[in-house]
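Source file: target.pdb (PDB, C-alpha atoms and all ligand atoms)
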```pdb
ATOM      1  CA  MET G  19     108.721  78.466 102.067  1.00  0.00           C
ATOM      2  CA  GLU G  20     106.971  75.535 103.680  1.00  0.00           C
ATOM      3  CA  LEU G  21     106.551  74.675 107.321  1.00  0.00           C
ATOM      4  CA  GLU G  22     108.824  71.647 107.475  1.00  0.00           C
ATOM      5  CA  GLN G  23     111.794  73.682 106.287  1.00  0.00           C
ATOM      6  CA  VAL G  24     111.463  76.730 108.540  1.00  0.00           C
ATOM      7  CA  PRO G  25     114.025  77.050 111.319  1.00  0.00           C
ATOM      8  CA  VAL G  26     113.957  79.502 114.212  1.00  0.00           C
ATOM      9  CA  ILE G  27     116.431  82.348 114.370  1.00  0.00           C
ATOM     10  CA  GLY G  28     118.653  81.727 117.371  1.00  0.00           C
ATOM     11  CA  ALA G  29     117.666  85.012 119.006  1.00  0.00           C
ATOM     12  CA  VAL G  30     113.960  84.090 119.034  1.00  0.00           C
ATOM     13  CA  GLY G  31     112.565  82.500 122.154  1.00  0.00           C
ATOM     14  CA  PRO G  32     111.408  83.160 125.682  1.00  0.00           C
ATOM     15  CA  MET G  33     112.581  86.358 127.352  1.00  0.00           C
ATOM     16  CA  ALA G  34     115.272  85.774 129.964  1.00  0.00           C
ATOM     17  CA  ASP G  35     113.110  87.314 132.707  1.00  0.00           C
ATOM     18  CA  GLY G  36     110.249  84.897 132.068  1.00  0.00           C
ATOM     19  CA  ARG G  37     107.538  87.455 131.405  1.00  0.00           C
ATOM     20  CA  ASP G  38     106.429  85.754 128.178  1.00  0.00           C
ATOM     21  CA  ALA G  39     106.768  82.141 129.411  1.00  0.00           C
ATOM     22  CA  SER G  40     102.995  81.596 129.109  1.00  0.00           C
ATOM     23  CA  PHE G  41     103.072  82.706 125.478  1.00  0.00           C
ATOM     24  CA  TRP G  42     105.715  80.079 124.672  1.00  0.00           C
ATOM     25  CA  ALA G  43     103.869  77.403 126.660  1.00  0.00           C
ATOM     26  CA  GLY G  44     100.819  78.198 124.517  1.00  0.00           C
ATOM     27  CA  MET G  45     102.877  77.953 121.342  1.00  0.00           C
ATOM     28  CA  ALA G  46     104.058  74.475 122.348  1.00  0.00           C
ATOM     29  CA  ASP G  47     100.369  73.486 122.722  1.00  0.00           C
ATOM     30  CA  GLY G  48      99.314  75.088 119.437  1.00  0.00           C
ATOM     31  CA  ARG G  49      97.480  77.955 121.151  1.00  0.00           C
ATOM     32  CA  LEU G  50      97.948  81.698 120.761  1.00  0.00           C
ATOM     33  CA  LEU G  51      97.891  83.339 124.189  1.00  0.00           C
ATOM     34  CA  ILE G  52      97.944  87.115 124.570  1.00  0.00           C
ATOM     35  CA  GLN G  53      97.998  89.075 127.824  1.00  0.00           C
ATOM     36  CA  HIS G  54      94.756  90.721 128.870  1.00  0.00           C
ATOM     37  CA  CYS G  55      94.418  93.221 131.706  1.00  0.00           C
ATOM     38  CA  GLY G  56      91.759  92.383 134.281  1.00  0.00           C
ATOM     39  CA  GLY G  57      91.783  96.003 135.421  1.00  0.00           C
ATOM     40  CA  CYS G  58      91.112  98.015 132.269  1.00  0.00           C
ATOM     41  CA  GLY G  59      90.599  95.309 129.643  1.00  0.00           C
ATOM     42  CA  SER G  60      93.620  96.250 127.517  1.00  0.00           C
ATOM     43  CA  TRP G  61      95.273  93.617 125.365  1.00  0.00           C
ATOM     44  CA  ILE G  62      99.027  93.702 125.819  1.00  0.00           C
ATOM     45  CA  TRP G  63     101.743  92.680 123.381  1.00  0.00           C
ATOM     46  CA  PRO G  64     104.655  92.209 123.761  1.00  0.00           C
ATOM     47  CA  ALA G  65     104.407  90.754 127.252  1.00  0.00           C
ATOM     48  CA  GLN G  66     104.738  93.061 130.228  1.00  0.00           C
ATOM     49  CA  TRP G  67     104.818  92.656 134.015  1.00  0.00           C
ATOM     50  CA  ALA G  68     102.217  95.392 134.503  1.00  0.00           C
ATOM     51  CA  CYS G  69      99.555  96.934 132.288  1.00  0.00           C
ATOM     52  CA  PRO G  70     101.016  99.895 130.367  1.00  0.00           C
ATOM     53  CA  GLU G  71      97.576 101.576 130.421  1.00  0.00           C
ATOM     54  CA  CYS G  72      96.395 101.314 134.043  1.00  0.00           C
ATOM     55  CA  HIS G  73      99.623 100.052 135.698  1.00  0.00           C
ATOM     56  CA  ARG G  74      97.877  97.188 137.478  1.00  0.00           C
ATOM     57  CA  PHE G  75      99.453  93.766 137.780  1.00  0.00           C
ATOM     58  CA  ALA G  76      96.159  91.933 137.132  1.00  0.00           C
ATOM     59  CA  LEU G  77      97.297  90.398 133.834  1.00  0.00           C
ATOM     60  CA  ALA G  78      95.983  87.098 132.526  1.00  0.00           C
ATOM     61  CA  TRP G  79      96.856  85.081 129.429  1.00  0.00           C
ATOM     62  CA  GLU G  80      93.876  84.444 127.195  1.00  0.00           C
ATOM     63  CA  GLU G  81      93.626  82.359 124.066  1.00  0.00           C
ATOM     64  CA  VAL G  82      92.765  84.295 120.928  1.00  0.00           C
ATOM     65  CA  PRO G  83      92.146  82.947 117.425  1.00  0.00           C
ATOM     66  CA  ALA G  84      95.306  82.791 115.303  1.00  0.00           C
ATOM     67  CA  ARG G  85      93.712  84.799 112.525  1.00  0.00           C
ATOM     68  CA  GLY G  86      94.286  88.277 111.258  1.00  0.00           C
ATOM     69  CA  LYS G  87      95.078  90.532 108.351  1.00  0.00           C
ATOM     70  CA  ILE G  88      98.375  91.556 106.809  1.00  0.00           C
ATOM     71  CA  PHE G  89      99.246  94.992 108.159  1.00  0.00           C
ATOM     72  CA  SER G  90     102.707  95.177 106.591  1.00  0.00           C
ATOM     73  CA  TRP G  91     105.224  92.893 104.933  1.00  0.00           C
ATOM     74  CA  THR G  92     108.724  92.681 103.534  1.00  0.00           C
ATOM     75  CA  ARG G  93     110.622  90.251 101.336  1.00  0.00           C
ATOM     76  CA  THR G  94     114.111  89.489 102.580  1.00  0.00           C
ATOM     77  CA  TRP G  95     116.695  88.892  99.857  1.00  0.00           C
ATOM     78  CA  GLN G  96     119.842  89.240 101.932  1.00  0.00           C
ATOM     79  CA  ASN G  97     120.765  86.436 104.273  1.00  0.00           C
ATOM     80  CA  PHE G  98     121.211  87.916 107.749  1.00  0.00           C
ATOM     81  CA  THR G  99     121.284  84.721 109.787  1.00  0.00           C
ATOM     82  CA  PRO G 100     122.854  81.317 109.160  1.00  0.00           C
ATOM     83  CA  GLU G 101     119.507  79.608 109.901  1.00  0.00           C
ATOM     84  CA  PHE G 102     117.957  81.146 106.797  1.00  0.00           C
ATOM     85  CA  ALA G 103     120.907  80.863 104.401  1.00  0.00           C
ATOM     86  CA  GLU G 104     119.088  78.389 102.155  1.00  0.00           C
ATOM     87  CA  LEU G 105     115.674  80.074 102.356  1.00  0.00           C
ATOM     88  CA  VAL G 106     116.120  83.596 100.946  1.00  0.00           C
ATOM     89  CA  PRO G 107     114.105  85.230  99.606  1.00  0.00           C
ATOM     90  CA  TYR G 108     111.297  84.864 102.136  1.00  0.00           C
ATOM     91  CA  ILE G 109     108.417  87.038 103.291  1.00  0.00           C
ATOM     92  CA  THR G 110     107.921  88.388 106.795  1.00  0.00           C
ATOM     93  CA  VAL G 111     104.535  89.822 107.713  1.00  0.00           C
ATOM     94  CA  VAL G 112     103.135  91.969 110.481  1.00  0.00           C
ATOM     95  CA  VAL G 113      99.696  90.519 111.191  1.00  0.00           C
ATOM     96  CA  GLU G 114      96.972  92.531 112.847  1.00  0.00           C
ATOM     97  CA  LEU G 115      94.991  90.003 114.879  1.00  0.00           C
ATOM     98  CA  ASP G 116      91.231  89.779 114.392  1.00  0.00           C
ATOM     99  CA  GLY G 117      90.913  89.590 118.195  1.00  0.00           C
ATOM    100  CA  ALA G 118      92.968  91.004 121.065  1.00  0.00           C
ATOM    101  CA  ASP G 119      92.119  94.570 120.011  1.00  0.00           C
ATOM    102  CA  GLN G 120      94.064  94.108 116.759  1.00  0.00           C
ATOM    103  CA  ARG G 121      97.436  93.634 118.441  1.00  0.00           C
ATOM    104  CA  ARG G 122     100.138  92.981 115.833  1.00  0.00           C
ATOM    105  CA  LEU G 123     102.449  89.993 115.619  1.00  0.00           C
ATOM    106  CA  LEU G 124     105.491  89.518 113.417  1.00  0.00           C
ATOM    107  CA  GLY G 125     105.975  86.229 111.629  1.00  0.00           C
ATOM    108  CA  LEU G 126     107.007  84.380 108.505  1.00  0.00           C
ATOM    109  CA  LEU G 127     104.538  83.864 105.680  1.00  0.00           C
ATOM    110  CA  LEU G 128     104.341  80.326 104.316  1.00  0.00           C
ATOM    111  CA  GLY G 129     103.548  79.534 100.707  1.00  0.00           C
ATOM    112  CA  ASP G 130     104.725  81.028  97.453  1.00  0.00           C
ATOM    113  CA  ASP G 131     107.474  83.564  98.247  1.00  0.00           C
ATOM    114  CA  THR G 132     107.196  85.115  94.795  1.00  0.00           C
ATOM    115  CA  VAL G 133     103.617  86.393  95.240  1.00  0.00           C
ATOM    116  CA  ASP G 134     103.372  89.836  96.822  1.00  0.00           C
ATOM    117  CA  PRO G 135     101.073  89.921  99.856  1.00  0.00           C
ATOM    118  CA  VAL G 136      98.218  92.419  99.772  1.00  0.00           C
ATOM    119  CA  LEU G 137      97.692  94.720 102.744  1.00  0.00           C
ATOM    120  CA  GLY G 138      94.530  93.688 104.553  1.00  0.00           C
ATOM    121  CA  GLU G 139      94.697  90.175 103.101  1.00  0.00           C
ATOM    122  CA  PRO G 140      93.372  87.610 105.611  1.00  0.00           C
ATOM    123  CA  VAL G 141      95.825  85.094 107.048  1.00  0.00           C
ATOM    124  CA  ALA G 142      95.549  82.150 109.388  1.00  0.00           C
ATOM    125  CA  GLY G 143      98.123  81.004 111.891  1.00  0.00           C
ATOM    126  CA  VAL G 144      99.898  77.683 111.401  1.00  0.00           C
ATOM    127  CA  PHE G 145     101.475  76.290 114.543  1.00  0.00           C
ATOM    128  CA  GLN G 146     104.858  74.719 113.983  1.00  0.00           C
ATOM    129  CA  PRO G 147     105.356  72.182 116.777  1.00  0.00           C
ATOM    130  CA  PRO G 148     108.514  72.114 118.874  1.00  0.00           C
ATOM    131  CA  SER G 149     111.318  70.233 117.165  1.00  0.00           C
ATOM    132  CA  GLU G 150     115.061  70.211 116.771  1.00  0.00           C
ATOM    133  CA  LEU G 151     114.575  72.514 113.785  1.00  0.00           C
ATOM    134  CA  THR G 152     112.815  75.103 115.956  1.00  0.00           C
ATOM    135  CA  GLY G 153     115.223  74.863 118.869  1.00  0.00           C
ATOM    136  CA  GLY G 154     112.546  73.126 120.943  1.00  0.00           C
ATOM    137  CA  ALA G 155     110.044  75.990 120.719  1.00  0.00           C
ATOM    138  CA  GLY G 156     106.571  75.972 119.224  1.00  0.00           C
ATOM    139  CA  VAL G 157     106.312  78.753 116.660  1.00  0.00           C
ATOM    140  CA  LEU G 158     103.462  80.528 114.920  1.00  0.00           C
ATOM    141  CA  ARG G 159     103.701  80.978 111.141  1.00  0.00           C
ATOM    142  CA  TRP G 160     101.160  82.557 108.816  1.00  0.00           C
ATOM    143  CA  ARG G 161      99.453  81.455 105.628  1.00  0.00           C
ATOM    144  CA  ARG G 162      97.125  83.310 103.295  1.00  0.00           C
ATOM    145  CA  ILE G 163      93.582  82.047 103.832  1.00  0.00           C
ATOM    146  CA  ASN G 164      93.101  81.919 100.078  1.00  0.00           C
ATOM    147  CA  ASP G 165      96.277  79.851  99.642  1.00  0.00           C
ATOM    148  CA  HIS G 166      95.057  76.327  99.006  1.00  0.00           C
ATOM    149  CA  GLN G 167      98.407  74.637  99.494  1.00  0.00           C
ATOM    150  CA  ARG G 168      98.923  72.175 102.311  1.00  0.00           C
ATOM    151  CA  ASN G 169      99.953  73.640 105.601  1.00  0.00           C
TER     152      ASN G 169
HETATM  153 ZN    ZN F 201      95.073  97.757 132.474  1.00  0.00          ZN
END
```

Output the file's structure as structure tokens, nothing else.
Amino acid sequence: MELEQVPVIGAVGPMADGRDASFWAGMADGRLLIQHCGGCGSWIWPAQWACPECHRFALAWEEVPARGKIFSWTRTWQNFTPEFAELVPYITVVVELDGADQRRLLGLLLGDDTVDPVLGEPVAGVFQPPSELTGGAGVLRWRRINDHQRN
């Protein structure tokens, strides 16, 4: 799967209550923003209104490097959504970020869909800019660092 062919599942996007609006604004700018508590220093994902650790509302959005390691993965063979009808099989990964206290993000893995990912394998984020294909949202995809294909 390559970047120019990846759509967004219709259900993906900003939460209706706006709590992750800054995350999506960052995505549109090609930046990964994660919530950070000014009270206790916890990194928070998914977005919350208050810190789940200390219950303060002193949350800020901070940019973290879009790099991490594969924590888990799956290859999807069955088409569950019309957006991906032409793209199965594809690989979804859970990436443990190098920063942000190793918070984990879910995303699609670009590159050769026939090669099994290795747990702990380093990956780098690839920002897919907002387009008609992505429903107007910027989206973060992942690519193996040792994958020398174009992004
Ligand atoms: Zn806190």

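Remark: for Glu81 in chain G, the closest of the candidate residues G:Pro135, G:Gly154, G:Pro64, G:Gly117 is G:Gly117 (distances computed over only C-alpha atoms).
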
Open item on the list: Which residues, named as in the file, does the PyMOL selection byres (((chain G and resi 160) around 9) and not hetatm) pick out? Answer as number ranges by chain.
Closed with: G: 84-85, 111, 113, 125-129, 141-145, 158-159, 161-162

- [ ] Pull out every residue that the PyMOL selection byres (((not hetatm)) within 8 of (chain F and resi 201)) matches in the shown coordinates and put them as a PyMOL selection string.
- [x] chain G and resi 54-60+68-77

- [ ] Calculate how many Å separate CA of Ile163 in chain G from CA of Asp38 in chain G, rounding to one decimal.
- [x]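 So the answer is 27.8 Å.
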
Open item on the list: For Gly138 in chain G, find every residue with an atom within 8 Å (counting all atoms listed in the file), except residues of its own chain fewer than 3 positions away, and show them as a VMD selection string.
Closed with: chain G and resid 87 to 89
